[in-house]
Amino acid sequence: MRPYSPRERGLRLADVAIRLDGRTLIEIDRLIAPGDVLTVMGPSGSGKSTLFALIAGFLDPAFASEGRVFLDGEAIDEKRPERRSVGLLFQDALLFPHMSVGANLLFALKRDARGQAARRERAGAMLARVGLEGLFDRDPATLSGGQAARVALARTLLAEPRALLLDEPFSRLDAPLRTAMRELVFGLVRERAIPALLVTHDREDAEAAGGPLVELVPRRS
Amino acid sequence: MSPAPTGLRSVPWIVSSLLAAPVAVGLAGVILPAFGYLPALGGEAFTLDPFRDLAVQSGLLGSSLLSLATGLITTLVSVMAVALFLAAYAGSRPVRIARRALGPLLAIPHAAAAFGLAFLIAPSGLLVRLAAGPLGLERPPDLLIVGDPFGLAMMAGLIAKEVPFLLLVAFAAMPQADPERRTMLARSLGYGRMAAFLFTVWPAVYRQIRLPVLAVVAFASSVVDVALILGPSVPPTLAVRLLEWMGDPDLSKRFLASAGALLQLAVTAAALIVWIWLERAGGAIRERLANHGRRLSRDGALRAGASLPVVLAGLSLVLGLFMLVLWSFSGFWSFPDPLPPSLSLSTWTRALPRVEDPLVTTALVAALSGLIALGAVILMLETHRQATPRMAGSRPVLPALIAGLLYLPLIVPQIAFVFGLQILVVASGAEPSLWLLVAVHLVFVAPYVALALVGPWFALEPRYEVVAASLGHGRLDALLRVRVPLLLAPILTSFAIGFAVSVGQYLPTVLIGAGRLTTITTEAVALASGGNRRVIGVYALLQTIIPALVFLVASLLPGLAFRSRRGMEGA
């Protein structure tokens, strides 16, 4: 295992390997610095989503994993998913359909923002930041695909994640929307200095992310 | 890598074992007295005398065969009715109509459905009254239609209730069988519409509804309330005779009843074995037909008739209910008037003060057993789900052994083990109490609640909770604020089903309530022999209205709670 500094910033995947029935799906050893985006590319079945699940804390016990995951110098791989401070964005917005847009955001906002008015203001400000001012009381089912994706982004960021995992978050959007959403996401990642890992099979995503690229090749043992 | 919640793993086992334990305990409670051992009643030594007593009861073979045939014929007709209906109409309007009508029909308790059918088909019932004019009948014909020696009326009553139940479980199983694409593929190969469904979709549906089907076999072969209302009396079914012995003031009859309970167990086991053999035979025939490549594409005539059994079952329930309403409000109503010449409230005003206590007991026991069952089932499903995290795409399933334990009380005949429980309660000197009644109802309510909730519970998009966790919310928080609200509609529906199951329980209430705790159901069935149709109408209607109200609230509440959330429609 590589030496690491407890004061190191960013998301470190230290000699991480994921195996299934003795077959190695992924081997990766990387540091993602704050504000950087590491892109992982590969065809379906190459294990991209297992890497995602491992970091977020949802790896199916059928998979065997090695190595460690450090976030800002702290090992997070033994922690419960809700204590990892790792934000997720999927290709579906997955807004909770039983809550309004605003309730979705308030659900994400940390407890340290106290008082109804203060909480609402914080959530409203984030909504404005993603360009959706005034949609606080809307029903998520009435949003367009692009709007829903932006609300999902705002929701993820309101929880103040210290790392971000992006699972093909642009693949469901039309081409013009996709460009705008990429700019918004990567801009916010840089602005807030969050290390991000992007899983995709779209080369344009990787180019827009501008960071290093890891290509996965499905291997046979 | 994330902390494995190993403690969770044992919870489903504990819950399902607790729910199945009364079956084992109850069976022990009949096995010992069946062999003469019951110190509380003076049986100190093991002996085969109870079985010798049993063997010399007249007409025992007839009663046993009647029970066996009722179990098999009821199930065979019900399953075939459902299969034909779905084969003919899957994906089209009649199926959508049936889906809508299902909830209210399920709320009708067995006893009320049986009374309704009796009012329709009896010699002085609606059908004969309608025919009386053209045929010139002055008096009801002297025919033994209700209570016929072959139990045909009883089987008809059971089929009318089991068809909606099997339709419900079949509807729940359909999506996993991928019906649209499979039938499209088979039809493109030249198969007729019904053949396409029966060859490619039905086997997958049947595999999933097999447990409920076996429960129907067990139930119909040992049912008491429907048999008391519609069944023959010389000889009655085995279960009815058992109930007579169990309630006999001569306590030594309990030994005979225990031996009889074991005979009932054997009869139901035989029915299940024959059914499993029938399943194999049916599968082999289907396979042969398919292997021979018979396209069966000219199915127009069959298709037209395929809805008949389901329509008849639905009609008999609806018309039966209508007859209950008519009788309960009728004044003097003589044969052959098809409608009562005058209506009055007098039956209701006389009956209502008398049923207050049974009504309160009914609602209380149903609400408590439904709520406790819901809690236990959610605990079991959620701990199982959390202990076995899966990748998106593959759904968790309950291990076969847990499912077996959970549904055991539906496969073992009620009368066999609830009687054993009653003997143990009596032997232990406990008094019949509300909580005891709740506990016994729970044994039968929980499997139905689980049956209704397991599908939606495991089908919910798992990434909602992944998102909740990534936003810093723990498991309990995610359960209460994401999963439960998203599943509010199926949760309330399964509670309503549990509530209705409890309201409909006759035998456990009679045996454990021991006459001191009565519900509207035990009161209604007790009226069967008296034959006062007006009073029966009131009681059977009350028995239907209570669960129907709960179904109504359960179906309206999610819409009200999420009235401004389009994404929750149809959830």
# chains A, B, ... in the order shown; residues from 1 in each chain; ligands from 1
$ residues_around --residues "region 254-268 of chain B" --least-positions-apart "4" --cutoff "9 Å" --atoms "only C-alpha atoms" --output "PyMOL selection string"
chain B and resi 27+29-38+41+43+49-54+64-65+67-68+71+217-219+221-222+238-239+241-248+250+272-273+411-413+415-417+419-420+423
$ write_last_selection --atoms "C-alpha atoms" --output "tab-separated table (two decimals), in the first residue's frame"
chain	number	residue	atom	x	y	z
B	27	LEU	CA	-50.90	-29.72	16.19
B	29	GLY	CA	-52.44	-29.97	21.13
B	30	VAL	CA	-54.51	-32.35	18.99
B	31	ILE	CA	-51.99	-35.18	18.59
B	32	LEU	CA	-51.77	-35.86	22.34
B	33	PRO	CA	-55.54	-36.07	22.98
B	34	ALA	CA	-56.00	-38.00	19.74
B	35	PHE	CA	-53.98	-40.72	21.43
B	36	GLY	CA	-55.94	-40.38	24.62
B	37	TYR	CA	-53.56	-38.16	26.58
B	38	LEU	CA	-55.16	-35.07	28.11
B	41	LEU	CA	-60.00	-34.13	30.87
B	43	GLY	CA	-56.92	-38.83	29.77
B	49	ASP	CA	-59.56	-45.55	21.64
B	50	PRO	CA	-60.26	-42.11	20.10
B	51	PHE	CA	-59.46	-43.55	16.66
B	52	ARG	CA	-61.67	-46.58	17.30
B	53	ASP	CA	-64.47	-44.17	18.27
B	54	LEU	CA	-63.83	-42.22	15.12
B	64	SER	CA	-64.07	-37.31	4.18
B	65	LEU	CA	-64.59	-37.84	0.46
B	67	SER	CA	-64.12	-32.67	1.90
B	68	LEU	CA	-61.49	-34.07	-0.45
B	71	GLY	CA	-60.93	-29.01	-2.06
B	217	VAL	CA	-56.87	-26.44	-1.84
B	218	ALA	CA	-56.26	-26.59	1.92
B	219	PHE	CA	-58.91	-23.99	2.71
B	221	SER	CA	-61.02	-29.01	1.88
B	222	SER	CA	-61.49	-27.87	5.48
B	238	LEU	CA	-65.65	-33.60	7.85
B	239	ALA	CA	-64.79	-30.13	9.20
B	241	ARG	CA	-68.69	-32.70	11.98
B	242	LEU	CA	-65.46	-31.91	13.79
B	243	LEU	CA	-66.87	-28.58	14.93
B	244	GLU	CA	-69.95	-30.35	16.32
B	245	TRP	CA	-67.77	-32.69	18.37
B	246	MET	CA	-65.52	-29.86	19.48
B	247	GLY	CA	-68.45	-27.90	20.85
B	248	ASP	CA	-70.18	-30.89	22.40
B	250	ASP	CA	-69.79	-33.88	26.70
B	272	LEU	CA	-52.66	-31.43	-1.76
B	273	ILE	CA	-50.91	-34.55	-3.05
B	411	ILE	CA	-51.58	-24.78	4.09
B	412	VAL	CA	-52.36	-26.64	7.32
B	413	PRO	CA	-56.14	-26.83	7.84
B	415	ILE	CA	-59.58	-26.70	12.18
B	416	ALA	CA	-56.74	-29.16	12.84
B	417	PHE	CA	-54.44	-26.86	14.76
B	419	PHE	CA	-58.63	-26.81	17.97
B	420	GLY	CA	-55.32	-27.92	19.48
B	423	ILE	CA	-57.42	-27.41	24.07
$ interface_residues --of "chain A" --to "chain B" --cutoff "6 Å" --atoms "only C-alpha atoms" --output "short mmCIF file (atom, residue, chain, number, x, y, z; two decimals) with C-alpha atoms, in the first residue's frame"
data_model
loop_
_atom_site.label_atom_id
_atom_site.label_comp_id
_atom_site.auth_asym_id
_atom_site.auth_seq_id
_atom_site.Cartn_x
_atom_site.Cartn_y
_atom_site.Cartn_z
CA GLY A 57 -20.94 1.80 0.19
CA ASP A 60 -23.09 -6.41 -3.37
CA ASP A 77 -14.62 2.23 3.23
CA GLU A 78 -15.70 0.87 6.63
CA LYS A 79 -18.22 3.62 7.22
CA ARG A 80 -21.94 3.40 6.71
CA PRO A 81 -23.05 4.87 3.37
CA GLU A 82 -24.79 7.82 5.06
CA VAL A 86 -20.05 11.06 -0.96
CA GLY A 87 -22.63 12.66 -3.25
CA PRO A 97 -41.95 11.79 -6.28
CA ALA A 108 -30.71 17.05 1.57
CA ASP A 139 -44.21 18.95 -8.25
CA ALA A 141 -43.28 15.18 -12.00
CA ALA A 159 -25.71 17.86 1.41
#
$ select_by_dssp --residues "region 8-217 of chain A" --states "strand (DSSP E)" --output "ChimeraX atom specification"
/A:11-20,23-32,37-41,64-71,74-75,86-89,163-167,196-200,213-215
$ write_last_selection --atoms "C-alpha atoms" --output "mmCIF file, in the first residue's frame"
data_model
loop_
_atom_site.group_PDB
_atom_site.id
_atom_site.type_symbol
_atom_site.label_atom_id
_atom_site.label_comp_id
_atom_site.auth_asym_id
_atom_site.auth_seq_id
_atom_site.Cartn_x
_atom_site.Cartn_y
_atom_site.Cartn_z
ATOM 1 C CA LEU A 11 -10.396 11.079 -2.948
ATOM 2 C CA ARG A 12 -7.758 8.357 -2.958
ATOM 3 C CA LEU A 13 -8.448 4.872 -4.285
ATOM 4 C CA ALA A 14 -5.534 2.969 -2.771
ATOM 5 C CA ASP A 15 -4.796 -0.310 -4.591
ATOM 6 C CA VAL A 16 -8.515 -0.960 -5.026
ATOM 7 C CA ALA A 17 -9.429 -4.213 -6.750
ATOM 8 C CA ILE A 18 -12.873 -5.761 -7.223
ATOM 9 C CA ARG A 19 -13.223 -9.443 -8.048
ATOM 10 C CA LEU A 20 -16.139 -11.720 -8.813
ATOM 11 C CA ARG A 23 -12.191 -12.817 -11.973
ATOM 12 C CA THR A 24 -10.719 -9.347 -11.546
ATOM 13 C CA LEU A 25 -13.150 -6.690 -12.732
ATOM 14 C CA ILE A 26 -11.244 -3.575 -11.762
ATOM 15 C CA GLU A 27 -7.830 -2.616 -10.467
ATOM 16 C CA ILE A 28 -7.272 1.031 -9.782
ATOM 17 C CA ASP A 29 -4.836 3.127 -7.730
ATOM 18 C CA ARG A 30 -5.436 6.864 -8.034
ATOM 19 C CA LEU A 31 -5.719 10.134 -6.210
ATOM 20 C CA ILE A 32 -8.419 12.531 -7.382
ATOM 21 C CA VAL A 37 -12.667 14.897 -12.427
ATOM 22 C CA LEU A 38 -11.354 11.378 -13.018
ATOM 23 C CA THR A 39 -13.206 9.718 -15.877
ATOM 24 C CA VAL A 40 -13.614 5.942 -15.899
ATOM 25 C CA MET A 41 -14.667 4.576 -19.269
ATOM 26 C CA ALA A 64 -14.800 -9.399 -3.199
ATOM 27 C CA SER A 65 -12.921 -6.154 -2.793
ATOM 28 C CA GLU A 66 -9.419 -5.159 -1.741
ATOM 29 C CA GLY A 67 -7.656 -1.922 -1.036
ATOM 30 C CA ARG A 68 -8.910 1.159 0.720
ATOM 31 C CA VAL A 69 -10.760 4.350 -0.038
ATOM 32 C CA PHE A 70 -9.601 7.572 1.617
ATOM 33 C CA LEU A 71 -11.448 10.852 1.547
ATOM 34 C CA GLU A 74 -9.694 9.536 6.225
ATOM 35 C CA ALA A 75 -10.586 5.931 5.425
ATOM 36 C CA VAL A 86 -20.048 11.059 -0.959
ATOM 37 C CA GLY A 87 -22.628 12.657 -3.251
ATOM 38 C CA LEU A 88 -24.235 10.688 -6.093
ATOM 39 C CA LEU A 89 -25.712 11.685 -9.430
ATOM 40 C CA ALA A 163 -16.569 13.821 -3.063
ATOM 41 C CA LEU A 164 -18.915 13.350 -5.997
ATOM 42 C CA LEU A 165 -19.702 10.214 -7.992
ATOM 43 C CA LEU A 166 -21.290 10.752 -11.387
ATOM 44 C CA ASP A 167 -22.891 7.684 -13.008
ATOM 45 C CA ALA A 196 -15.275 13.840 -8.643
ATOM 46 C CA LEU A 197 -15.329 10.443 -10.328
ATOM 47 C CA LEU A 198 -17.255 10.222 -13.599
ATOM 48 C CA VAL A 199 -18.331 6.857 -14.935
ATOM 49 C CA THR A 200 -19.389 6.996 -18.586
ATOM 50 C CA LEU A 213 -9.003 9.123 -18.078
ATOM 51 C CA VAL A 214 -8.959 5.463 -17.069
ATOM 52 C CA GLU A 215 -10.211 2.949 -19.600
#
$ closest_residue --among "A:Leu184, A:Leu105, A:Leu173, A:Ile55" --to "Val151 (chain A)" --atoms "only C-alpha atoms"
A:Leu105
$ select_by_dssp --residues "region 440-475 of chain B" --states "helix (DSSP H, G or I)" --output "PyMOL selection string"
chain B and resi 440-459+463-470+475
$ closest_residue --among "B:Gly62, B:Gly429, B:Pro175, B:Gly498" --to "Leu371 (chain B)" --atoms "only C-alpha atoms"
B:Gly498
$ decode --residues "region 24-156 of chain A" --atoms "C-alpha atoms" --output "mmCIF file, in the first residue's frame"
data_model
loop_
_atom_site.group_PDB
_atom_site.id
_atom_site.type_symbol
_atom_site.label_atom_id
_atom_site.label_comp_id
_atom_site.auth_asym_id
_atom_site.auth_seq_id
_atom_site.Cartn_x
_atom_site.Cartn_y
_atom_site.Cartn_z
ATOM 1 C CA THR A 24 -10.719 -9.347 -11.546
ATOM 2 C CA LEU A 25 -13.150 -6.690 -12.732
ATOM 3 C CA ILE A 26 -11.244 -3.575 -11.762
ATOM 4 C CA GLU A 27 -7.830 -2.616 -10.467
ATOM 5 C CA ILE A 28 -7.272 1.031 -9.782
ATOM 6 C CA ASP A 29 -4.836 3.127 -7.730
ATOM 7 C CA ARG A 30 -5.436 6.864 -8.034
ATOM 8 C CA LEU A 31 -5.719 10.134 -6.210
ATOM 9 C CA ILE A 32 -8.419 12.531 -7.382
ATOM 10 C CA ALA A 33 -7.469 16.032 -6.270
ATOM 11 C CA PRO A 34 -10.159 18.515 -5.116
ATOM 12 C CA GLY A 35 -11.823 20.056 -8.157
ATOM 13 C CA ASP A 36 -10.518 17.350 -10.503
ATOM 14 C CA VAL A 37 -12.667 14.897 -12.427
ATOM 15 C CA LEU A 38 -11.354 11.378 -13.018
ATOM 16 C CA THR A 39 -13.206 9.718 -15.877
ATOM 17 C CA VAL A 40 -13.614 5.942 -15.899
ATOM 18 C CA MET A 41 -14.667 4.576 -19.269
ATOM 19 C CA GLY A 42 -15.502 1.097 -20.372
ATOM 20 C CA PRO A 43 -18.165 -1.003 -22.038
ATOM 21 C CA SER A 44 -21.050 -2.345 -19.990
ATOM 22 C CA GLY A 45 -20.056 -5.332 -17.907
ATOM 23 C CA SER A 46 -16.591 -3.938 -17.300
ATOM 24 C CA GLY A 47 -17.359 -3.226 -13.679
ATOM 25 C CA LYS A 48 -17.781 0.553 -13.757
ATOM 26 C CA SER A 49 -20.858 0.405 -11.611
ATOM 27 C CA THR A 50 -19.204 -1.888 -9.048
ATOM 28 C CA LEU A 51 -16.489 0.740 -8.507
ATOM 29 C CA PHE A 52 -19.268 3.261 -8.011
ATOM 30 C CA ALA A 53 -21.034 0.957 -5.531
ATOM 31 C CA LEU A 54 -17.809 0.277 -3.644
ATOM 32 C CA ILE A 55 -17.043 3.953 -3.046
ATOM 33 C CA ALA A 56 -20.642 4.808 -2.147
ATOM 34 C CA GLY A 57 -20.937 1.803 0.190
ATOM 35 C CA PHE A 58 -23.420 -0.368 -1.666
ATOM 36 C CA LEU A 59 -21.226 -3.119 -3.077
ATOM 37 C CA ASP A 60 -23.093 -6.408 -3.372
ATOM 38 C CA PRO A 61 -21.460 -8.882 -0.948
ATOM 39 C CA ALA A 62 -21.130 -11.282 -3.898
ATOM 40 C CA PHE A 63 -18.146 -9.177 -4.971
ATOM 41 C CA ALA A 64 -14.800 -9.399 -3.199
ATOM 42 C CA SER A 65 -12.921 -6.154 -2.793
ATOM 43 C CA GLU A 66 -9.419 -5.159 -1.741
ATOM 44 C CA GLY A 67 -7.656 -1.922 -1.036
ATOM 45 C CA ARG A 68 -8.910 1.159 0.720
ATOM 46 C CA VAL A 69 -10.760 4.350 -0.038
ATOM 47 C CA PHE A 70 -9.601 7.572 1.617
ATOM 48 C CA LEU A 71 -11.448 10.852 1.547
ATOM 49 C CA ASP A 72 -9.402 13.847 2.692
ATOM 50 C CA GLY A 73 -6.991 11.481 4.395
ATOM 51 C CA GLU A 74 -9.694 9.536 6.225
ATOM 52 C CA ALA A 75 -10.586 5.931 5.425
ATOM 53 C CA ILE A 76 -14.281 5.788 4.496
ATOM 54 C CA ASP A 77 -14.618 2.227 3.230
ATOM 55 C CA GLU A 78 -15.703 0.867 6.629
ATOM 56 C CA LYS A 79 -18.220 3.616 7.217
ATOM 57 C CA ARG A 80 -21.943 3.402 6.709
ATOM 58 C CA PRO A 81 -23.046 4.872 3.368
ATOM 59 C CA GLU A 82 -24.787 7.819 5.058
ATOM 60 C CA ARG A 83 -21.597 8.815 6.918
ATOM 61 C CA ARG A 84 -19.288 8.897 3.888
ATOM 62 C CA SER A 85 -20.099 12.405 2.582
ATOM 63 C CA VAL A 86 -20.048 11.059 -0.959
ATOM 64 C CA GLY A 87 -22.628 12.657 -3.251
ATOM 65 C CA LEU A 88 -24.235 10.688 -6.093
ATOM 66 C CA LEU A 89 -25.712 11.685 -9.430
ATOM 67 C CA PHE A 90 -27.343 9.064 -11.623
ATOM 68 C CA GLN A 91 -28.547 9.166 -15.191
ATOM 69 C CA ASP A 92 -32.061 9.386 -13.739
ATOM 70 C CA ALA A 93 -32.739 12.395 -11.555
ATOM 71 C CA LEU A 94 -34.464 10.154 -8.969
ATOM 72 C CA LEU A 95 -36.253 13.081 -7.365
ATOM 73 C CA PHE A 96 -38.517 11.725 -4.627
ATOM 74 C CA PRO A 97 -41.952 11.791 -6.285
ATOM 75 C CA HIS A 98 -43.834 12.236 -2.997
ATOM 76 C CA MET A 99 -42.020 15.501 -2.169
ATOM 77 C CA SER A 100 -42.117 18.908 -3.821
ATOM 78 C CA VAL A 101 -38.947 20.242 -5.452
ATOM 79 C CA GLY A 102 -38.285 22.304 -2.326
ATOM 80 C CA ALA A 103 -38.902 19.345 0.004
ATOM 81 C CA ASN A 104 -36.406 17.316 -2.011
ATOM 82 C CA LEU A 105 -33.825 20.040 -1.391
ATOM 83 C CA LEU A 106 -34.660 20.467 2.305
ATOM 84 C CA PHE A 107 -34.340 16.691 2.709
ATOM 85 C CA ALA A 108 -30.708 17.050 1.565
ATOM 86 C CA LEU A 109 -29.805 20.168 3.542
ATOM 87 C CA LYS A 110 -27.732 19.414 6.628
ATOM 88 C CA ARG A 111 -29.092 19.873 10.130
ATOM 89 C CA ASP A 112 -26.694 22.724 10.909
ATOM 90 C CA ALA A 113 -28.878 25.072 8.892
ATOM 91 C CA ARG A 114 -31.512 25.832 11.518
ATOM 92 C CA GLY A 115 -34.860 27.553 11.414
ATOM 93 C CA GLN A 116 -37.469 27.105 8.709
ATOM 94 C CA ALA A 117 -36.802 30.435 7.040
ATOM 95 C CA ALA A 118 -33.028 29.974 7.013
ATOM 96 C CA ARG A 119 -33.322 26.460 5.595
ATOM 97 C CA ARG A 120 -35.698 27.570 2.906
ATOM 98 C CA GLU A 121 -33.402 30.423 1.971
ATOM 99 C CA ARG A 122 -30.380 28.119 1.658
ATOM 100 C CA ALA A 123 -32.319 25.666 -0.514
ATOM 101 C CA GLY A 124 -33.766 28.493 -2.612
ATOM 102 C CA ALA A 125 -30.301 29.954 -3.166
ATOM 103 C CA MET A 126 -29.021 26.614 -4.440
ATOM 104 C CA LEU A 127 -32.021 26.328 -6.728
ATOM 105 C CA ALA A 128 -31.181 29.750 -8.119
ATOM 106 C CA ARG A 129 -27.558 28.682 -8.558
ATOM 107 C CA VAL A 130 -28.642 25.910 -10.947
ATOM 108 C CA GLY A 131 -30.858 28.382 -12.796
ATOM 109 C CA LEU A 132 -34.264 27.284 -11.514
ATOM 110 C CA GLU A 133 -35.282 30.157 -9.279
ATOM 111 C CA GLY A 134 -38.933 30.053 -8.275
ATOM 112 C CA LEU A 135 -39.533 26.335 -8.808
ATOM 113 C CA PHE A 136 -39.431 25.616 -5.055
ATOM 114 C CA ASP A 137 -43.061 24.531 -4.704
ATOM 115 C CA ARG A 138 -43.313 22.621 -7.968
ATOM 116 C CA ASP A 139 -44.210 18.946 -8.249
ATOM 117 C CA PRO A 140 -41.097 17.108 -9.542
ATOM 118 C CA ALA A 141 -43.278 15.177 -12.001
ATOM 119 C CA THR A 142 -44.030 18.437 -13.862
ATOM 120 C CA LEU A 143 -40.370 19.285 -14.555
ATOM 121 C CA SER A 144 -38.652 18.793 -17.893
ATOM 122 C CA GLY A 145 -35.770 16.311 -18.048
ATOM 123 C CA GLY A 146 -33.204 19.102 -17.974
ATOM 124 C CA GLN A 147 -34.864 20.827 -15.028
ATOM 125 C CA ALA A 148 -35.066 17.563 -13.069
ATOM 126 C CA ALA A 149 -31.363 16.926 -13.685
ATOM 127 C CA ARG A 150 -30.555 20.380 -12.319
ATOM 128 C CA VAL A 151 -32.690 19.854 -9.214
ATOM 129 C CA ALA A 152 -30.916 16.540 -8.646
ATOM 130 C CA LEU A 153 -27.575 18.343 -8.872
ATOM 131 C CA ALA A 154 -28.727 21.045 -6.452
ATOM 132 C CA ARG A 155 -29.988 18.374 -4.050
ATOM 133 C CA THR A 156 -26.678 16.504 -4.130
#
